[in-house]
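Asks: Got a file for you: upload_19.txt, compact mmCIF, C-alpha atoms.
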```txt
# COMPACT_ATOMS: atom_id res chain seq x y z
CA MET A 1 0.00 0.00 0.00
CA SER A 2 1.56 3.29 -1.01
CA TYR A 3 1.63 6.40 1.18
CA TYR A 4 0.02 8.55 -1.54
CA THR A 5 -3.15 7.12 -3.07
CA ILE A 6 -4.90 8.58 -6.11
CA ASN A 7 -8.24 8.51 -4.35
CA GLY A 8 -6.94 10.30 -1.26
CA LEU A 9 -5.05 12.96 -3.20
CA VAL A 10 -7.98 13.75 -5.50
CA LYS A 11 -10.56 13.83 -2.69
CA GLY A 12 -8.26 15.92 -0.50
CA GLY A 13 -7.48 18.45 -3.21
CA LEU A 14 -10.84 18.93 -4.91
CA PRO A 15 -12.91 20.99 -2.41
CA ILE A 16 -10.47 23.90 -2.05
CA LEU A 17 -9.80 23.87 -5.82
CA ILE A 18 -13.51 24.30 -6.48
CA VAL A 19 -13.58 27.24 -4.04
CA THR A 20 -10.55 28.90 -5.70
CA CYS A 21 -12.20 28.27 -9.07
CA PHE A 22 -15.16 30.43 -8.06
CA MET A 23 -12.81 33.16 -6.82
CA ALA A 24 -10.84 33.00 -10.10
CA ILE A 25 -14.08 33.38 -12.09
CA VAL A 26 -14.92 36.51 -10.07
CA VAL A 27 -11.46 37.87 -10.94
CA GLY A 28 -12.05 36.95 -14.60
CA LEU A 29 -15.45 38.69 -14.63
CA LEU A 30 -13.89 41.88 -13.22
CA LEU A 31 -11.28 41.70 -16.00
CA SER A 32 -13.99 41.06 -18.56
CA TYR A 33 -15.88 44.11 -17.29
CA GLN A 34 -12.92 46.34 -18.21
CA GLU A 35 -11.70 44.27 -21.17
CA ASP A 36 -12.01 47.13 -23.69
CA ILE A 37 -9.77 49.39 -21.62
CA LEU A 38 -7.23 46.60 -21.07
CA ILE A 39 -7.07 46.03 -24.82
CA GLU A 40 -6.72 49.79 -25.41
CA TYR A 41 -3.86 49.95 -22.87
CA PRO A 42 -1.90 46.66 -23.30
CA THR A 43 0.63 47.83 -20.69
CA LEU A 44 -2.06 47.09 -18.10
CA LEU A 45 -2.28 43.55 -19.51
CA ILE A 46 1.50 43.19 -19.02
CA LEU A 47 1.22 44.42 -15.44
CA MET A 48 -1.84 42.32 -14.60
CA PRO A 49 -0.41 38.81 -13.96
CA VAL A 50 2.62 40.08 -12.10
CA LEU A 51 0.72 42.49 -9.86
CA LEU A 52 -1.72 39.70 -9.00
CA LYS A 53 1.26 37.48 -8.22
CA ILE A 54 3.08 39.83 -5.83
CA GLY A 55 0.14 39.97 -3.42
CA GLY A 56 -0.38 36.22 -3.57
CA ASP A 57 3.31 35.38 -3.14
CA THR A 58 4.12 37.76 -0.27
CA GLY A 59 0.78 36.98 1.38
CA SER A 60 1.43 33.22 1.11
CA MET A 61 4.89 33.68 2.58
CA LEU A 62 3.36 35.63 5.45
CA GLY A 63 0.58 33.08 5.89
CA SER A 64 2.91 30.08 5.96
CA ARG A 65 5.39 31.75 8.33
CA LEU A 66 2.62 32.75 10.72
CA SER A 67 0.89 29.37 10.49
CA SER A 68 4.16 27.69 11.47
CA ALA A 69 4.72 30.22 14.27
CA PHE A 70 1.22 29.74 15.68
CA HIS A 71 1.53 25.96 15.41
CA LEU A 72 4.86 26.08 17.25
CA GLY A 73 2.92 27.79 20.02
CA LEU A 74 5.20 30.84 20.20
CA SER A 75 2.40 33.19 21.03
CA ARG A 76 -1.29 33.25 20.50
CA ARG A 77 -1.63 37.02 20.39
CA ILE A 78 -1.79 38.75 17.05
CA LEU A 79 -1.24 42.37 18.14
CA ASN A 80 2.06 43.39 19.71
CA ASN A 81 3.57 40.05 18.70
CA PRO A 82 7.15 40.40 17.40
CA VAL A 83 6.84 37.41 15.05
CA VAL A 84 3.73 38.87 13.41
CA LYS A 85 5.20 42.38 13.34
CA ASN A 86 8.51 41.33 11.76
CA SER A 87 6.89 39.04 9.20
CA VAL A 88 4.43 41.73 8.13
CA LEU A 89 7.19 44.35 7.85
CA ALA A 90 9.32 41.96 5.79
CA ALA A 91 6.39 41.14 3.50
CA ILE A 92 5.74 44.88 2.97
CA ILE A 93 9.41 45.50 2.11
CA VAL A 94 9.53 42.56 -0.33
CA ALA A 95 6.27 43.66 -1.98
CA LEU A 96 7.40 47.31 -2.33
CA ILE A 97 10.84 46.46 -3.73
CA SER A 98 9.53 43.87 -6.20
CA SER A 99 6.70 46.14 -7.38
CA ALA A 100 9.19 49.00 -7.94
CA PHE A 101 11.40 46.58 -9.90
CA VAL A 102 8.38 45.41 -11.93
CA SER A 103 7.35 49.01 -12.67
CA VAL A 104 10.82 49.89 -14.01
CA VAL A 105 11.01 46.76 -16.21
CA VAL A 106 7.44 47.21 -17.51
CA TYR A 107 8.11 50.90 -18.20
CA PHE A 108 10.99 49.92 -20.51
CA ILE A 109 8.89 47.23 -22.23
CA ASN A 110 6.08 49.76 -22.65
CA PHE A 111 8.59 52.16 -24.18
CA ALA A 112 10.10 49.50 -26.47
CA PHE A 113 6.68 48.31 -27.69
CA ASP A 114 5.43 51.90 -28.19
CA TYR A 115 2.39 51.33 -25.97
CA ASN A 116 2.65 54.94 -24.73
CA THR A 117 1.37 54.46 -21.20
CA SER A 118 2.85 57.07 -18.86
CA ALA A 119 5.33 56.18 -16.12
CA LEU A 120 2.90 57.71 -13.61
CA VAL A 121 0.19 55.20 -14.53
CA ILE A 122 2.61 52.23 -14.36
CA PHE A 123 4.18 53.17 -11.03
CA GLY A 124 0.83 54.40 -9.65
CA THR A 125 -0.99 51.17 -10.54
CA SER A 126 1.73 49.03 -8.93
CA PHE A 127 1.67 51.17 -5.81
CA ILE A 128 -2.13 51.10 -5.47
CA VAL A 129 -2.13 47.29 -5.78
CA VAL A 130 0.62 46.87 -3.17
CA LEU A 131 -1.20 49.23 -0.82
CA LEU A 132 -4.39 47.13 -1.13
CA ASP A 133 -2.32 43.94 -0.70
CA ILE A 134 -0.96 45.27 2.58
CA PHE A 135 -4.36 46.19 3.99
CA ILE A 136 -6.50 43.35 2.64
CA VAL A 137 -4.35 40.35 1.67
CA TYR A 138 -2.06 40.52 4.70
CA THR A 139 -5.02 40.88 7.04
CA THR A 140 -6.54 37.79 5.43
CA ALA A 141 -3.22 35.94 5.77
CA ILE A 142 -2.88 36.82 9.46
CA GLY A 143 -6.53 36.00 10.15
CA PHE A 144 -6.51 32.66 8.33
CA SER A 145 -3.22 31.51 9.84
CA ALA A 146 -4.50 32.28 13.35
CA LEU A 147 -7.75 30.52 12.45
CA SER A 148 -5.96 27.53 10.91
CA HIS A 149 -4.23 27.02 14.24
CA LYS A 150 -7.44 27.34 16.26
CA VAL A 151 -9.66 25.22 14.03
CA GLY A 152 -6.92 22.81 12.98
CA LEU A 153 -6.85 23.44 9.22
CA ASP A 154 -3.80 22.38 7.24
CA PRO A 155 -2.04 25.69 6.44
CA ASP A 156 -0.59 24.40 3.14
CA ASP A 157 -3.89 23.09 1.85
CA VAL A 158 -6.16 25.93 2.96
CA VAL A 159 -4.34 29.14 3.96
CA ILE A 160 -2.11 29.43 0.88
CA PRO A 161 -4.76 28.83 -1.82
CA VAL A 162 -7.17 31.24 -0.11
CA VAL A 163 -4.50 33.93 0.31
CA ALA A 164 -3.28 33.49 -3.29
CA SER A 165 -6.86 33.88 -4.57
CA MET A 166 -7.30 36.99 -2.40
CA GLY A 167 -4.11 38.35 -3.99
CA ASP A 168 -5.67 37.91 -7.45
CA LEU A 169 -8.93 39.54 -6.41
CA VAL A 170 -7.27 42.51 -4.73
CA GLY A 171 -4.86 42.92 -7.69
CA VAL A 172 -7.71 43.27 -10.18
CA ILE A 173 -9.62 45.64 -7.91
CA GLY A 174 -6.42 47.72 -7.63
CA ILE A 175 -6.14 47.90 -11.42
CA MET A 176 -9.80 48.99 -11.64
CA ILE A 177 -9.19 51.72 -9.05
CA SER A 178 -6.14 52.90 -10.96
CA ILE A 179 -8.16 53.08 -14.21
CA LEU A 180 -10.63 55.32 -12.37
CA ILE A 181 -7.98 57.49 -10.66
CA PHE A 182 -5.89 58.06 -13.80
CA GLY A 183 -9.02 58.50 -15.89
CA LEU A 184 -8.03 55.90 -18.49
CA ALA A 185 -10.76 55.80 -21.08
CA LEU A 186 -11.37 54.46 -24.54
CA ILE A 187 -9.92 56.80 -27.16
CA MET B 1 2.39 39.24 37.46
CA SER B 2 -0.45 40.87 35.55
CA ARG B 3 -1.49 39.62 32.15
CA ARG B 4 0.01 42.72 30.55
CA GLU B 5 3.38 42.22 32.25
CA TYR B 6 3.31 38.56 31.31
CA GLU B 7 2.72 39.41 27.68
CA ASP B 8 5.53 41.97 27.65
CA ALA B 9 7.91 39.44 29.19
CA GLU B 10 6.81 36.91 26.60
CA SER B 11 7.42 39.39 23.78
CA GLU B 12 10.94 40.04 25.03
CA PHE B 13 11.55 36.32 25.31
CA VAL B 14 10.38 35.70 21.76
CA GLU B 15 12.35 38.67 20.44
CA HIS B 16 15.48 37.44 22.17
CA PHE B 17 15.34 33.85 20.99
CA LEU B 18 13.91 34.50 17.56
CA GLY B 19 16.19 37.45 16.84
CA GLU B 20 18.10 35.85 14.01
CA TYR B 21 15.38 33.61 12.62
CA ALA B 22 12.59 36.14 12.54
CA SER B 23 14.37 39.47 12.11
CA VAL B 24 12.99 41.65 9.32
CA SER B 25 16.29 41.66 7.43
CA SER B 26 16.73 37.88 7.51
CA ILE B 27 13.20 37.30 6.17
CA VAL B 28 13.70 39.90 3.42
CA LYS B 29 17.10 38.42 2.46
CA GLU B 30 15.52 34.99 2.20
CA ALA B 31 12.36 35.96 0.32
CA LEU B 32 13.33 38.88 -1.93
CA PRO B 33 15.62 37.01 -4.38
CA PHE B 34 12.92 34.38 -5.03
CA GLU B 35 10.28 37.05 -5.52
CA LEU B 36 12.46 39.04 -7.94
CA VAL B 37 12.94 35.91 -10.06
CA ALA B 38 9.23 35.04 -9.82
CA VAL B 39 8.10 38.51 -10.96
CA VAL B 40 10.25 38.16 -14.09
CA GLY B 41 8.16 35.07 -14.93
CA GLY B 42 5.03 37.14 -14.27
CA ILE B 43 6.22 39.93 -16.58
CA VAL B 44 6.98 37.45 -19.38
CA SER B 45 3.49 35.97 -19.07
CA GLY B 46 2.07 39.52 -19.10
CA VAL B 47 3.94 40.30 -22.32
CA ILE B 48 2.47 37.15 -23.93
CA LEU B 49 -0.98 38.18 -22.68
CA SER B 50 -0.59 41.68 -24.13
CA GLY B 51 0.15 40.06 -27.49
CA MET B 52 -3.16 38.20 -27.28
CA THR B 53 -5.48 41.21 -27.59
CA HIS B 54 -6.71 39.92 -30.96
CA GLU B 55 -7.73 36.52 -29.49
CA LEU B 56 -9.26 38.19 -26.41
CA GLU B 57 -11.45 40.33 -28.66
CA LEU B 58 -12.49 37.47 -30.91
CA ILE B 59 -13.28 34.99 -28.12
CA PRO B 60 -15.69 36.60 -25.65
CA GLY B 61 -15.43 34.86 -22.28
CA LEU B 62 -11.76 33.91 -22.78
CA ILE B 63 -10.53 36.58 -20.35
CA VAL B 64 -12.98 35.25 -17.74
CA ILE B 65 -11.20 31.87 -17.60
CA VAL B 66 -7.60 33.18 -17.92
CA PRO B 67 -7.06 33.80 -14.15
CA GLY B 68 -8.56 30.39 -13.39
CA VAL B 69 -6.31 28.48 -15.81
CA MET B 70 -3.28 30.35 -14.43
CA GLY B 71 -4.43 29.72 -10.86
CA LEU B 72 -4.55 25.95 -11.45
CA ARG B 73 -0.80 25.92 -11.94
CA GLY B 74 -0.25 27.64 -8.63
CA ASN B 75 -2.72 25.44 -6.81
CA ILE B 76 -2.11 22.05 -8.46
CA SER B 77 1.45 22.09 -9.83
CA SER B 78 3.03 23.88 -6.84
CA THR B 79 1.28 21.43 -4.52
CA LEU B 80 2.61 18.53 -6.61
CA GLY B 81 6.12 20.01 -6.42
CA SER B 82 6.00 20.38 -2.66
CA ARG B 83 4.50 16.86 -2.22
CA LEU B 84 7.26 15.33 -4.35
CA SER B 85 9.84 17.26 -2.30
CA SER B 86 8.32 15.90 0.91
CA ALA B 87 8.26 12.37 -0.54
CA ILE B 88 11.96 12.69 -1.40
CA HIS B 89 12.72 13.89 2.14
CA MET B 90 10.81 10.89 3.51
CA GLY B 91 12.81 8.58 1.25
CA LEU B 92 9.69 7.40 -0.64
CA ILE B 93 11.11 8.56 -3.97
CA THR B 94 14.80 8.34 -4.80
CA LYS B 95 14.90 8.36 -8.60
CA ILE B 96 12.68 8.77 -11.66
CA ASP B 97 11.01 5.37 -11.72
CA TYR B 98 7.58 5.13 -13.28
CA LYS B 99 6.94 1.85 -11.46
CA ASN B 100 7.13 3.74 -8.17
CA LYS B 101 3.52 4.25 -7.07
CA GLU B 102 4.42 7.21 -4.81
CA LEU B 103 5.61 9.11 -7.88
CA THR B 104 2.98 7.99 -10.40
CA ASN B 105 0.04 8.35 -8.00
CA ASN B 106 1.06 11.96 -7.32
CA ILE B 107 1.38 12.80 -11.01
CA ILE B 108 -1.82 10.95 -12.03
CA SER B 109 -3.89 12.60 -9.29
CA SER B 110 -2.62 16.05 -10.20
CA MET B 111 -3.68 15.36 -13.80
CA ILE B 112 -7.11 14.04 -12.70
CA LEU B 113 -7.62 17.17 -10.60
CA THR B 114 -6.51 19.32 -13.55
CA VAL B 115 -9.03 17.68 -15.90
CA ILE B 116 -11.96 17.90 -13.44
CA VAL B 117 -11.28 21.49 -12.42
CA SER B 118 -10.49 22.71 -15.98
CA ILE B 119 -13.81 21.38 -17.31
CA PHE B 120 -15.62 22.88 -14.32
CA LEU B 121 -13.86 26.21 -14.93
CA GLY B 122 -14.89 26.32 -18.59
CA VAL B 123 -18.51 25.45 -17.79
CA LEU B 124 -18.67 27.96 -14.92
CA GLY B 125 -17.02 30.67 -17.03
CA HIS B 126 -19.49 30.18 -19.87
CA TYR B 127 -22.71 30.11 -17.84
CA ILE B 128 -21.79 32.98 -15.52
CA SER B 129 -20.66 35.16 -18.46
CA VAL B 130 -23.93 34.46 -20.28
CA PHE B 131 -25.99 34.98 -17.12
CA LEU B 132 -24.38 38.37 -16.43
CA GLY B 133 -24.75 39.42 -20.07
CA PHE B 134 -21.00 39.63 -20.80
CA GLY B 135 -21.41 37.24 -23.71
CA SER B 136 -19.55 34.00 -24.35
CA SER B 137 -18.21 32.46 -27.52
CA GLY B 138 -19.85 29.18 -26.54
CA LEU B 139 -19.64 26.42 -23.97
CA MET B 140 -17.66 24.10 -26.26
CA LYS B 141 -14.96 26.66 -27.12
CA LEU B 142 -14.35 27.80 -23.53
CA VAL B 143 -14.27 24.24 -22.17
CA LEU B 144 -11.87 23.18 -24.96
CA ILE B 145 -9.47 26.08 -24.31
CA SER B 146 -9.60 25.60 -20.55
CA LEU B 147 -9.23 21.81 -20.70
CA LEU B 148 -6.48 21.63 -23.34
CA SER B 149 -4.37 24.47 -21.95
CA GLY B 150 -4.86 23.18 -18.39
CA PHE B 151 -4.03 19.61 -19.39
CA PHE B 152 -0.90 20.34 -21.39
CA SER B 153 0.54 22.92 -18.99
CA GLY B 154 -0.21 20.49 -16.15
CA LEU B 155 1.54 17.66 -17.99
CA ILE B 156 4.64 19.74 -18.76
CA LEU B 157 4.85 21.07 -15.20
CA SER B 158 4.35 17.59 -13.68
CA PHE B 159 7.46 16.34 -15.45
CA VAL B 160 9.35 19.53 -14.68
CA SER B 161 8.57 19.14 -10.96
CA ALA B 162 9.49 15.44 -10.96
CA TYR B 163 12.83 15.88 -12.72
CA LEU B 164 13.64 19.13 -10.91
CA SER B 165 12.92 17.82 -7.42
CA ILE B 166 14.89 14.62 -7.95
CA GLY B 167 17.67 16.47 -9.77
CA ALA B 168 17.93 19.08 -7.00
CA PHE B 169 18.12 16.31 -4.43
CA ARG B 170 20.83 14.44 -6.39
CA PHE B 171 22.96 17.58 -6.56
CA GLY B 172 22.58 18.14 -2.84
CA PHE B 173 20.04 20.98 -2.82
CA ASP B 174 16.90 21.02 -0.73
CA PRO B 175 14.16 20.41 -3.33
CA ASP B 176 11.73 22.58 -1.32
CA ASN B 177 13.90 25.61 -2.00
CA ILE B 178 14.16 24.96 -5.73
CA VAL B 179 10.93 23.37 -6.94
CA THR B 180 8.22 25.67 -5.52
CA PRO B 181 9.80 28.95 -6.73
CA ALA B 182 10.70 27.38 -10.10
CA ILE B 183 7.15 26.13 -10.69
CA ALA B 184 5.75 29.51 -9.59
CA THR B 185 8.02 31.25 -12.10
CA ILE B 186 7.55 29.05 -15.16
CA GLY B 187 3.96 27.99 -14.35
CA ASP B 188 2.48 31.35 -15.39
CA ILE B 189 4.56 31.51 -18.57
CA ILE B 190 3.64 27.99 -19.68
CA SER B 191 -0.06 28.36 -18.90
CA VAL B 192 -0.39 31.68 -20.77
CA MET B 193 1.52 30.17 -23.74
CA MET B 194 -0.85 27.20 -23.78
CA ILE B 195 -3.91 29.50 -23.57
CA PHE B 196 -2.48 31.47 -26.50
CA ILE B 197 -1.86 28.32 -28.59
CA PHE B 198 -5.26 26.74 -27.93
CA ALA B 199 -7.15 30.05 -28.32
CA ARG B 200 -5.55 30.31 -31.78
CA GLY B 201 -6.46 26.68 -32.41
CA VAL B 202 -10.10 27.18 -31.40
CA LEU B 203 -10.35 30.19 -33.72
CA LEU B 204 -9.42 27.88 -36.60
CA LEU B 205 -12.35 25.54 -35.84
```
Starting from the coordinates I provided, produce the structure as C-alpha cells.
Replies:
Amino acid sequence: MSYYTINGLVKGGLPILIVTCFMAIVVGLLLSYQEDILIEYPTLLILMPVLLKIGGDTGSMLGSRLSSAFHLGLSRRILNNPVVKNSVLAAIIVALISSAFVSVVVYFINFAFDYNTSALVIFGTSFIVVLLDIFIVYTTAIGFSALSHKVGLDPDDVVIPVVASMGDLVGVIGIMISILIFGLALI
Amino acid sequence: MSRREYEDAESEFVEHFLGEYASVSSIVKEALPFELVAVVGGIVSGVILSGMTHELELIPGLIVIVPGVMGLRGNISSTLGSRLSSAIHMGLITKIDYKNKELTNNIISSMILTVIVSIFLGVLGHYISVFLGFGSSGLMKLVLISLLSGFFSGLILSFVSAYLSIGAFRFGFDPDNIVTPAIATIGDIISVMMIFIFARGVLLL
C-alpha cells in the first residue's frame, strides 16, 4: 500500500480547488468588465499577472510563516507580537521592492513596444495594488493563519490557496481603481 | 504578574530567541531574491498576454477563464512540487522510476484534478458570463481552451517538478527551496503560452 493514493489525493485536493475556481471566475469577470480598456492599454495587460502574483506570493509567505509560528505555540496574540510584526514588515518591504522593480522593467517594455502608457500610470498602478495587498491580503493571511491554528486546518492546503486567490482579487480591484484614478478611457 | 506584564515578558523572550530567525532583514534576504525571479516570470506571461489582444477580442469569455487556468498551476502544480519534495525527504522517492507508485500516484492525481477542475472552470465561465450578459463564444470553445491548456501545462509542469525535485536532491540541494519557486516562475509563462496556442487553435475551428 503506497503512502500517496490517487483517491486520497484527489478527494483531498478537490474541495479547495472548487472554491478557488469560483474566486478566479470573479477575478475573470472583473477583468472582462474592463476588457475594452485593457485592450486599449496593453501595458495594463502586461502588469496584470505580475501584480496579482506579488500579493499572492508575499501573502502566502506571510501566511505560511505565521501558520508555522502559531503551530509552534510561540504566542497566540496577534497584536504586539514580534513574530507577526517582523513578518508583516518583511512582506511589505519585499512587496514594495519587487513592485518597484516590476514598474521599471514594464516601463521599458512599454517604451520599447510603443504602448505609450505614462510612467505615472505604471508606477501608480503598482503602488495602489501593493497598498491594497498590505491592507486586505495581509489581514486575510494573518486571520486565516491564526484561524488555521485554532480550528486545525492544514495551512498548506487551505491558507495558501485562499491567500493566493485573495491576492488575485485585490490585484484586479487595484487595477480597476487605478483606471478610475488616472481616468483611463477608450480613445 | 499581571497579564500585561506577562505578555511583555513573553514578547521580550520571543524577540530574544527568535532574533536571528525572525528578524525583518533575515526574512527579506531569504524571500526577496525568489520574488524578484518570480516577478520576471510574471512579466513574461504579461507580455504574452498583451500580445493576445486579438484573441481576447475574438473569443468573448476567454478573459474570464484566464485567471482560473493560471491559478490551477499555482494550486495544483506547486502542490505537486512540494508533495514530491516531501516524498523525497521521507525517502519514498529516490529516482525517476515510473513503477514507483508514490511518484505515479502523485502525477496521475494532479492530472485528474486538472481535468476535473479545468472542465468545471470552462462550464462555470461560460454560464456565468452568459448569465451576467458579458457574452460568451460558446460552452464548447471555452471548455476546450480551458481543458487543453490546463491539461498540457499540467503535464509539462508535472514532469518539470518530478525531474527538478529529484535532480535538485541528487545535486545536494533542498528540493523545497528549488521546486516551488521554479514552478511559480515558469507555471504562469507555460499556462499563458498554452492559452495562446489553444485560443488560436479554437479560432481555426
Asks: Find the distance between CA of Ile97 (chain A) and CA of Gly124 (chain A) and write it in Å to one decimal.
Replies: 14.1 Å
Asks: With distances taken over all atoms listed in the file, which of A:Ile173, A:Leu47, A:Asp157, A:Ile134 is nearest to Val105 (chain A)?
Replies: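 When distances to Val105 (chain A) are compared using all atoms listed in the file, the smallest one comes from A:Leu47.
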Asks: With all atoms listed in the file considered, list every residue of chain A at most 7 Å from chain B, as a compact mmCIF listing (two decimals) with C-alpha atoms, keeping the file's coordinate frame.
Replies:
```
# COMPACT_ATOMS: atom_id res chain seq x y z
CA SER A 2 1.56 3.29 -1.01
CA TYR A 3 1.63 6.40 1.18
CA TYR A 4 0.02 8.55 -1.54
CA THR A 5 -3.15 7.12 -3.07
CA ILE A 6 -4.90 8.58 -6.11
CA LEU A 9 -5.05 12.96 -3.20
CA VAL A 10 -7.98 13.75 -5.50
CA LEU A 14 -10.84 18.93 -4.91
CA ILE A 18 -13.51 24.30 -6.48
CA CYS A 21 -12.20 28.27 -9.07
CA ALA A 24 -10.84 33.00 -10.10
CA ILE A 25 -14.08 33.38 -12.09
CA VAL A 27 -11.46 37.87 -10.94
CA GLY A 28 -12.05 36.95 -14.60
CA LEU A 29 -15.45 38.69 -14.63
CA LEU A 31 -11.28 41.70 -16.00
CA SER A 32 -13.99 41.06 -18.56
CA ILE A 39 -7.07 46.03 -24.82
CA PRO A 42 -1.90 46.66 -23.30
CA LEU A 45 -2.28 43.55 -19.51
CA ILE A 46 1.50 43.19 -19.02
CA LEU A 47 1.22 44.42 -15.44
CA MET A 48 -1.84 42.32 -14.60
CA PRO A 49 -0.41 38.81 -13.96
CA VAL A 50 2.62 40.08 -12.10
CA ASN A 81 3.57 40.05 18.70
CA PRO A 82 7.15 40.40 17.40
CA VAL A 83 6.84 37.41 15.05
CA ASN A 86 8.51 41.33 11.76
CA SER A 87 6.89 39.04 9.20
CA LEU A 89 7.19 44.35 7.85
CA ALA A 90 9.32 41.96 5.79
CA VAL A 94 9.53 42.56 -0.33
CA SER A 98 9.53 43.87 -6.20
CA VAL A 102 8.38 45.41 -11.93
CA PRO A 161 -4.76 28.83 -1.82
```
Asks: Find, counting all atoms listed in the file, the residue in A:Leu17, A:Val163, A:Phe70, A:Lys85 that gets nearest to Thr58 (chain A).
Replies: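 Of A:Leu17, A:Val163, A:Phe70, A:Lys85, the one nearest Thr58 (chain A), counting all atoms listed in the file, is A:Val163.
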Asks: For Glu40 (chain A), which of A:Ile16, A:Thr117, A:Phe135, A:Met23 is the closest residue, counting all atoms listed in the file?
Replies: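 Closest to Glu40 (chain A), using all atoms listed in the file: A:Thr117.
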Asks: What does the structure give for the distance between CA of Ser118 (chain A) and CA of Gly183 (chain A), in Å to one decimal?
Replies: 12.3 Å
Asks: Considering all atoms listed in the file, state which residue in the set A:Gly8, A:Gly56, A:Gly63, A:Gly13 is at the smallest distance from Gly143 (chain A).
Replies: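 That would be A:Gly63, the residue with the smallest distance to Gly143 (chain A).
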Asks: Between CA of Thr94 (chain B) and CA of Leu164 (chain B), what is the distance in Å, rounded to a tenth?
Replies: 12.5 Å
Asks: Which residues come within 12 Å of Gly174 (chain A), counting all atoms listed in the file, excluding same-chain residues fewer than 3 positions away, as a PDB file with C-alpha atoms, keeping the file's coordinate frame?
Replies:
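Result saved to result-v3.pdb:
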```
ATOM      1  CA  VAL A  27     -11.460  37.870 -10.940  1.00  0.00           C
ATOM      2  CA  LEU A  30     -13.890  41.880 -13.220  1.00  0.00           C
ATOM      3  CA  LEU A  31     -11.280  41.700 -16.000  1.00  0.00           C
ATOM      4  CA  LEU A  44      -2.060  47.090 -18.100  1.00  0.00           C
ATOM      5  CA  LEU A  47       1.220  44.420 -15.440  1.00  0.00           C
ATOM      6  CA  MET A  48      -1.840  42.320 -14.600  1.00  0.00           C
ATOM      7  CA  LEU A  51       0.720  42.490  -9.860  1.00  0.00           C
ATOM      8  CA  LEU A  52      -1.720  39.700  -9.000  1.00  0.00           C
ATOM      9  CA  GLY A  55       0.140  39.970  -3.420  1.00  0.00           C
ATOM     10  CA  GLY A 124       0.830  54.400  -9.650  1.00  0.00           C
ATOM     11  CA  THR A 125      -0.990  51.170 -10.540  1.00  0.00           C
ATOM     12  CA  SER A 126       1.730  49.030  -8.930  1.00  0.00           C
ATOM     13  CA  PHE A 127       1.670  51.170  -5.810  1.00  0.00           C
ATOM     14  CA  ILE A 128      -2.130  51.100  -5.470  1.00  0.00           C
ATOM     15  CA  VAL A 129      -2.130  47.290  -5.780  1.00  0.00           C
ATOM     16  CA  VAL A 130       0.620  46.870  -3.170  1.00  0.00           C
ATOM     17  CA  LEU A 131      -1.200  49.230  -0.820  1.00  0.00           C
ATOM     18  CA  LEU A 132      -4.390  47.130  -1.130  1.00  0.00           C
ATOM     19  CA  ASP A 133      -2.320  43.940  -0.700  1.00  0.00           C
ATOM     20  CA  ILE A 134      -0.960  45.270   2.580  1.00  0.00           C
ATOM     21  CA  PHE A 135      -4.360  46.190   3.990  1.00  0.00           C
ATOM     22  CA  ILE A 136      -6.500  43.350   2.640  1.00  0.00           C
ATOM     23  CA  MET A 166      -7.300  36.990  -2.400  1.00  0.00           C
ATOM     24  CA  GLY A 167      -4.110  38.350  -3.990  1.00  0.00           C
ATOM     25  CA  ASP A 168      -5.670  37.910  -7.450  1.00  0.00           C
ATOM     26  CA  LEU A 169      -8.930  39.540  -6.410  1.00  0.00           C
ATOM     27  CA  VAL A 170      -7.270  42.510  -4.730  1.00  0.00           C
ATOM     28  CA  GLY A 171      -4.860  42.920  -7.690  1.00  0.00           C
ATOM     29  CA  ILE A 177      -9.190  51.720  -9.050  1.00  0.00           C
ATOM     30  CA  SER A 178      -6.140  52.900 -10.960  1.00  0.00           C
ATOM     31  CA  ILE A 179      -8.160  53.080 -14.210  1.00  0.00           C
ATOM     32  CA  LEU A 180     -10.630  55.320 -12.370  1.00  0.00           C
ATOM     33  CA  ILE A 181      -7.980  57.490 -10.660  1.00  0.00           C
TER      34      ILE A 181
END
```
Asks: Leaving out Ser149 (chain B) and any residue of its chain fewer than 4 positions from it, which residues lie within 6 Å of it when counting only C-alpha atoms, given as a list of chain:residue names?
Replies: B:Ile145, B:Ser153, B:Met194, B:Ile195
Asks: Go through B:Leu204, B:Ile88, B:Ile186, B:Ile119 and flag the residue nearest Gly150 (chain B), using all atoms listed in the file for the distances.
Replies: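 Using all atoms listed in the file, the shortest distance to Gly150 (chain B) belongs to B:Ile119.
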